[in-house]
$ cat coords_1.tsv   # TSV, N, CA and C atoms
chain	number	residue	atom	x	y	z
I	1450	GLY	N	109.12	75.62	94.99
I	1450	GLY	CA	110.02	75.00	95.92
I	1450	GLY	C	110.86	76.02	96.65
I	1451	TYR	N	111.63	75.52	97.55
I	1451	TYR	CA	112.52	76.35	98.36
I	1451	TYR	C	113.95	75.89	98.18
I	1452	ARG	N	114.85	76.81	98.31
I	1452	ARG	CA	116.28	76.50	98.24
I	1452	ARG	C	116.90	76.96	99.55
I	1453	LEU	N	117.69	76.08	100.15
I	1453	LEU	CA	118.35	76.41	101.40
I	1453	LEU	C	119.51	77.36	101.15
I	1454	THR	N	119.67	78.34	102.02
I	1454	THR	CA	120.79	79.27	101.91
I	1454	THR	C	121.88	78.93	102.91
I	1455	ARG	N	121.57	78.02	103.82
I	1455	ARG	CA	122.55	77.53	104.80
I	1455	ARG	C	122.58	76.01	104.70
I	1456	PRO	N	123.60	75.40	105.28
I	1456	PRO	CA	123.63	73.93	105.26
I	1456	PRO	C	122.46	73.35	106.06
I	1457	PRO	N	121.98	72.15	105.73
I	1457	PRO	CA	120.85	71.55	106.44
I	1457	PRO	C	121.06	71.46	107.96
I	1458	GLU	N	122.32	71.34	108.39
I	1458	GLU	CA	122.63	71.28	109.82
I	1458	GLU	C	122.34	72.59	110.54
I	1459	ALA	N	122.22	73.66	109.80
I	1459	ALA	CA	122.02	74.99	110.39
I	1459	ALA	C	120.55	75.36	110.56
I	1460	TYR	N	119.65	74.49	110.14
I	1460	TYR	CA	118.22	74.77	110.26
I	1460	TYR	C	117.60	73.85	111.31
I	1461	ALA	N	117.10	74.44	112.37
I	1461	ALA	CA	116.40	73.67	113.40
I	1461	ALA	C	114.93	73.54	113.01
I	1462	ALA	N	114.36	72.37	113.31
I	1462	ALA	CA	112.95	72.15	113.01
I	1462	ALA	C	112.08	73.20	113.72
I	1463	GLY	N	112.45	73.56	114.95
I	1463	GLY	CA	111.69	74.56	115.69
I	1463	GLY	C	111.67	75.91	114.99
I	1464	GLU	N	112.80	76.29	114.42
I	1464	GLU	CA	112.89	77.55	113.68
I	1464	GLU	C	111.94	77.55	112.49
I	1465	ILE	N	111.93	76.46	111.75
I	1465	ILE	CA	111.07	76.35	110.58
I	1465	ILE	C	109.60	76.35	110.98
I	1466	LEU	N	109.27	75.60	112.01
I	1466	LEU	CA	107.87	75.53	112.46
I	1466	LEU	C	107.38	76.88	112.97
I	1467	GLU	N	108.22	77.61	113.69
I	1467	GLU	CA	107.82	78.93	114.17
I	1467	GLU	C	107.60	79.90	113.02
I	1468	LEU	N	108.45	79.81	112.00
I	1468	LEU	CA	108.29	80.69	110.83
I	1468	LEU	C	107.03	80.37	110.05
I	1469	THR	N	106.67	79.10	109.96
I	1469	THR	CA	105.52	78.71	109.17
I	1469	THR	C	104.22	78.69	109.96
I	1470	SER	N	104.30	78.40	111.26
I	1470	SER	CA	103.08	78.29	112.08
I	1470	SER	C	102.84	79.48	112.98
I	1471	GLY	N	103.85	80.28	113.21
I	1471	GLY	CA	103.71	81.46	114.06
I	1471	GLY	C	104.09	81.22	115.50
I	1472	THR	N	103.54	80.19	116.12
I	1472	THR	CA	103.86	79.92	117.51
I	1472	THR	C	103.77	78.43	117.78
I	1473	LEU	N	104.55	77.98	118.73
I	1473	LEU	CA	104.49	76.59	119.16
I	1473	LEU	C	104.01	76.50	120.60
I	1474	ALA	N	103.64	77.65	121.17
I	1474	ALA	CA	103.19	77.69	122.56
I	1474	ALA	C	101.94	76.83	122.74
I	1475	PRO	N	101.92	76.00	123.80
I	1475	PRO	CA	100.75	75.14	124.01
I	1475	PRO	C	99.51	75.89	124.51
I	1476	VAL	N	99.68	77.07	125.07
I	1476	VAL	CA	98.56	77.90	125.52
I	1476	VAL	C	98.84	79.35	125.15
I	1477	ALA	N	97.79	80.11	124.94
I	1477	ALA	CA	97.91	81.49	124.46
I	1477	ALA	C	98.74	82.39	125.38
I	1478	CYS	N	98.65	82.15	126.68
I	1478	CYS	CA	99.36	83.04	127.61
I	1478	CYS	C	100.88	82.90	127.51
I	1479	LEU	N	101.38	81.85	126.88
I	1479	LEU	CA	102.82	81.67	126.72
I	1479	LEU	C	103.33	82.10	125.35
I	1480	GLU	N	102.45	82.57	124.49
I	1480	GLU	CA	102.87	83.05	123.19
I	1480	GLU	C	103.71	84.31	123.34
I	1481	CYS	N	104.66	84.47	122.47
I	1481	CYS	CA	105.51	85.65	122.48
I	1481	CYS	C	104.66	86.90	122.28
I	1482	GLY	N	104.80	87.86	123.17
I	1482	GLY	CA	104.06	89.11	123.07
I	1482	GLY	C	102.65	89.05	123.63
I	1483	ALA	N	102.29	87.93	124.26
I	1483	ALA	CA	100.95	87.81	124.83
I	1483	ALA	C	100.78	88.80	125.98
I	1484	ALA	N	99.58	89.34	126.09
I	1484	ALA	CA	99.27	90.24	127.20
I	1484	ALA	C	99.36	89.46	128.51
I	1485	PRO	N	99.85	90.09	129.56
I	1485	PRO	CA	99.92	89.40	130.85
I	1485	PRO	C	98.53	88.95	131.31
I	1486	CYS	N	98.48	87.75	131.81
I	1486	CYS	CA	97.22	87.19	132.28
I	1486	CYS	C	97.00	87.58	133.74
I	1487	ASP	N	95.81	88.05	134.06
I	1487	ASP	CA	95.54	88.47	135.43
I	1487	ASP	C	95.35	87.28	136.37
I	1488	LYS	N	95.35	86.06	135.82
I	1488	LYS	CA	95.18	84.86	136.64
I	1488	LYS	C	96.49	84.12	136.88
I	1489	THR	N	97.60	84.65	136.39
I	1489	THR	CA	98.88	83.97	136.49
I	1489	THR	C	99.22	83.56	137.91
I	1490	ALA	N	99.02	84.44	138.87
I	1490	ALA	CA	99.40	84.15	140.26
I	1490	ALA	C	98.62	82.98	140.83
I	1491	ASP	N	97.40	82.75	140.34
I	1491	ASP	CA	96.56	81.68	140.87
I	1491	ASP	C	96.42	80.48	139.93
I	1492	CYS	N	97.10	80.51	138.81
I	1492	CYS	CA	96.95	79.46	137.80
I	1492	CYS	C	97.70	78.20	138.24
I	1493	ARG	N	96.95	77.17	138.53
I	1493	ARG	CA	97.56	75.91	138.99
I	1493	ARG	C	98.18	75.12	137.84
I	1494	THR	N	97.76	75.39	136.62
I	1494	THR	CA	98.29	74.62	135.49
I	1494	THR	C	99.44	75.31	134.79
I	1495	LEU	N	99.70	76.56	135.09
I	1495	LEU	CA	100.76	77.30	134.39
I	1495	LEU	C	102.12	76.59	134.46
I	1496	PRO	N	102.53	76.03	135.60
I	1496	PRO	CA	103.82	75.33	135.62
I	1496	PRO	C	103.87	74.16	134.63
I	1497	VAL	N	102.76	73.48	134.45
I	1497	VAL	CA	102.72	72.36	133.50
I	1497	VAL	C	102.90	72.88	132.08
I	1498	TRP	N	102.16	73.94	131.73
I	1498	TRP	CA	102.26	74.51	130.38
I	1498	TRP	C	103.63	75.11	130.13
I	1499	THR	N	104.20	75.74	131.14
I	1499	THR	CA	105.52	76.35	130.99
I	1499	THR	C	106.58	75.27	130.72
I	1500	GLU	N	106.51	74.18	131.47
I	1500	GLU	CA	107.46	73.08	131.27
I	1500	GLU	C	107.24	72.41	129.92
I	1501	LEU	N	105.99	72.22	129.52
I	1501	LEU	CA	105.71	71.64	128.21
I	1501	LEU	C	106.27	72.53	127.10
I	1502	ASP	N	106.07	73.83	127.21
I	1502	ASP	CA	106.59	74.79	126.23
I	1502	ASP	C	108.11	74.68	126.15
I	1503	ARG	N	108.76	74.62	127.30
I	1503	ARG	CA	110.23	74.51	127.33
I	1503	ARG	C	110.68	73.23	126.64
I	1504	ARG	N	110.02	72.12	126.93
I	1504	ARG	CA	110.41	70.83	126.35
I	1504	ARG	C	110.15	70.78	124.85
I	1505	ILE	N	109.03	71.31	124.41
I	1505	ILE	CA	108.73	71.36	122.97
I	1505	ILE	C	109.83	72.13	122.25
I	1506	ASN	N	110.14	73.33	122.75
I	1506	ASN	CA	111.16	74.15	122.10
I	1506	ASN	C	112.53	73.51	122.16
I	1507	GLU	N	112.88	72.96	123.29
I	1507	GLU	CA	114.19	72.31	123.43
I	1507	GLU	C	114.32	71.16	122.43
I	1508	TYR	N	113.30	70.33	122.35
I	1508	TYR	CA	113.36	69.19	121.44
I	1508	TYR	C	113.39	69.63	119.97
I	1509	LEU	N	112.44	70.47	119.57
I	1509	LEU	CA	112.36	70.87	118.16
I	1509	LEU	C	113.58	71.67	117.72
I	1510	ASN	N	114.20	72.39	118.63
I	1510	ASN	CA	115.40	73.13	118.28
I	1510	ASN	C	116.65	72.25	118.30
I	1511	SER	N	116.51	71.00	118.75
I	1511	SER	CA	117.63	70.06	118.71
I	1511	SER	C	117.61	69.20	117.45
I	1512	VAL	N	116.50	69.24	116.71
I	1512	VAL	CA	116.37	68.45	115.48
I	1512	VAL	C	116.61	69.37	114.29
I	1513	THR	N	117.51	68.96	113.42
I	1513	THR	CA	117.82	69.79	112.24
I	1513	THR	C	117.26	69.16	110.97
I	1514	VAL	N	117.27	69.93	109.91
I	1514	VAL	CA	116.87	69.40	108.61
I	1514	VAL	C	117.79	68.24	108.23
I	1515	ALA	N	119.05	68.34	108.57
I	1515	ALA	CA	119.99	67.24	108.28
I	1515	ALA	C	119.56	65.97	109.01
I	1516	ASP	N	119.10	66.10	110.25
I	1516	ASP	CA	118.60	64.93	110.99
I	1516	ASP	C	117.42	64.30	110.26
I	1517	LEU	N	116.53	65.13	109.78
I	1517	LEU	CA	115.35	64.63	109.06
I	1517	LEU	C	115.76	63.91	107.78
I	1518	LEU	N	116.74	64.45	107.09
I	1518	LEU	CA	117.21	63.82	105.86
I	1518	LEU	C	117.87	62.47	106.16
I	1519	ARG	N	118.62	62.40	107.26
I	1519	ARG	CA	119.27	61.14	107.64
I	1519	ARG	C	118.24	60.08	108.04
I	1520	SER	N	117.15	60.50	108.67
I	1520	SER	CA	116.16	59.53	109.13
I	1520	SER	C	115.34	58.96	107.97
I	1521	ASN	N	115.25	59.68	106.86
I	1521	ASN	CA	114.52	59.19	105.69
I	1521	ASN	C	115.18	59.78	104.44
I	1522	PRO	N	116.28	59.20	104.03
I	1522	PRO	CA	117.05	59.77	102.92
I	1522	PRO	C	116.31	59.84	101.59
I	1523	ASN	N	115.25	59.07	101.42
I	1523	ASN	CA	114.49	59.09	100.17
I	1523	ASN	C	113.36	60.11	100.17
I	1524	ALA	N	113.15	60.78	101.30
I	1524	ALA	CA	112.01	61.71	101.41
I	1524	ALA	C	112.26	63.02	100.69
I	1525	PHE	N	113.51	63.43	100.60
I	1525	PHE	CA	113.83	64.72	100.01
I	1525	PHE	C	114.97	64.56	99.02
I	1526	SER	N	115.01	65.49	98.11
I	1526	SER	CA	116.11	65.52	97.17
I	1526	SER	C	116.74	66.91	97.23
I	1527	ILE	N	118.02	66.96	97.52
I	1527	ILE	CA	118.73	68.23	97.58
I	1527	ILE	C	119.72	68.26	96.42
I	1528	SER	N	119.62	69.28	95.61
I	1528	SER	CA	120.56	69.37	94.49
I	1528	SER	C	121.22	70.73	94.50
$ encode --input "coords_1.tsv" --output "structure tokens"
Amino acid sequence: GYRLTRPPEAYAAGEILELTSGTLAPVACLECGAAPCDKTADCRTLPVWTELDRRINEYLNSVTVADLLRSNPNAFSIS
């Protein structure tokens, strides 16, 4: 198991997912440290992916472990 070192309110779901999954980017070219794509200037879908990436991160970083515990208080036990 894991023990929290900060209060549940201090952990964003996005932070945890990035630590466990590596990236939340919807496409490889938006991953942190990705090599520049030579098609960026002509990519018609890049604005869609960029906005999706922004919204995913904004939402997941607005949800905390405390929020998850409040939404289903029987799912976890903190002692």
$ atom_distance --input "coords_1.tsv" --atom1 "CA of Ala1474 (chain I)" --atom2 "atom C of Asp1502 (chain I)"
6.8 Å
$ axis_aligned_box --input "coords_1.tsv" --around "region 1501-1505 of chain I" --padding-each-side "5 Å" --output "JSON"
{"center_x": 108.2, "center_y": 72.8, "center_z": 125.9, "size_x": 15.0, "size_y": 14.0, "size_z": 17.3}
$ residues_around --input "coords_1.tsv" --residues "region 1489-1492 of chain I" --least-positions-apart "5" --cutoff "12 Å" --atoms "only C-alpha atoms" --output "PyMOL selection string"
chain I and resi 1478-1479+1484+1497-1499
$ closest_residue --input "coords_1.tsv" --among "I:Asn1506, I:Leu1501, I:Val1514, I:Arg1519" --to "Gly1463 (chain I)" --atoms "only C-alpha atoms"
I:Asn1506
$ closest_residue --input "coords_1.tsv" --among "I:Pro1496, I:Leu1509, I:Gly1482, I:Val1476" --to "Glu1464 (chain I)" --atoms "all atoms listed in the file"
I:Leu1509
$ residues_around --input "coords_1.tsv" --residues "Ala1515 (chain I)" --least-positions-apart "3" --cutoff "8 Å" --atoms "all atoms listed in the file" --output "VMD selection string"
chain I and resid 1456 to 1462 1512 1518 to 1521
$ atom_distance --input "coords_1.tsv" --atom1 "CA of Arg1503 (chain I)" --atom2 "CA of Thr1469 (chain I)"
19.2 Å
$ atom_distance --input "coords_1.tsv" --atom1 "CA of Tyr1451 (chain I)" --atom2 "atom C of Thr1513 (chain I)"
15.3 Å
$ select_by_dssp --input "coords_1.tsv" --residues "chain I" --states "helix (DSSP H, G or I)" --output "number ranges by chain"
I: 1457-1459, 1462-1470, 1477-1479, 1489-1491, 1495-1509, 1514-1520
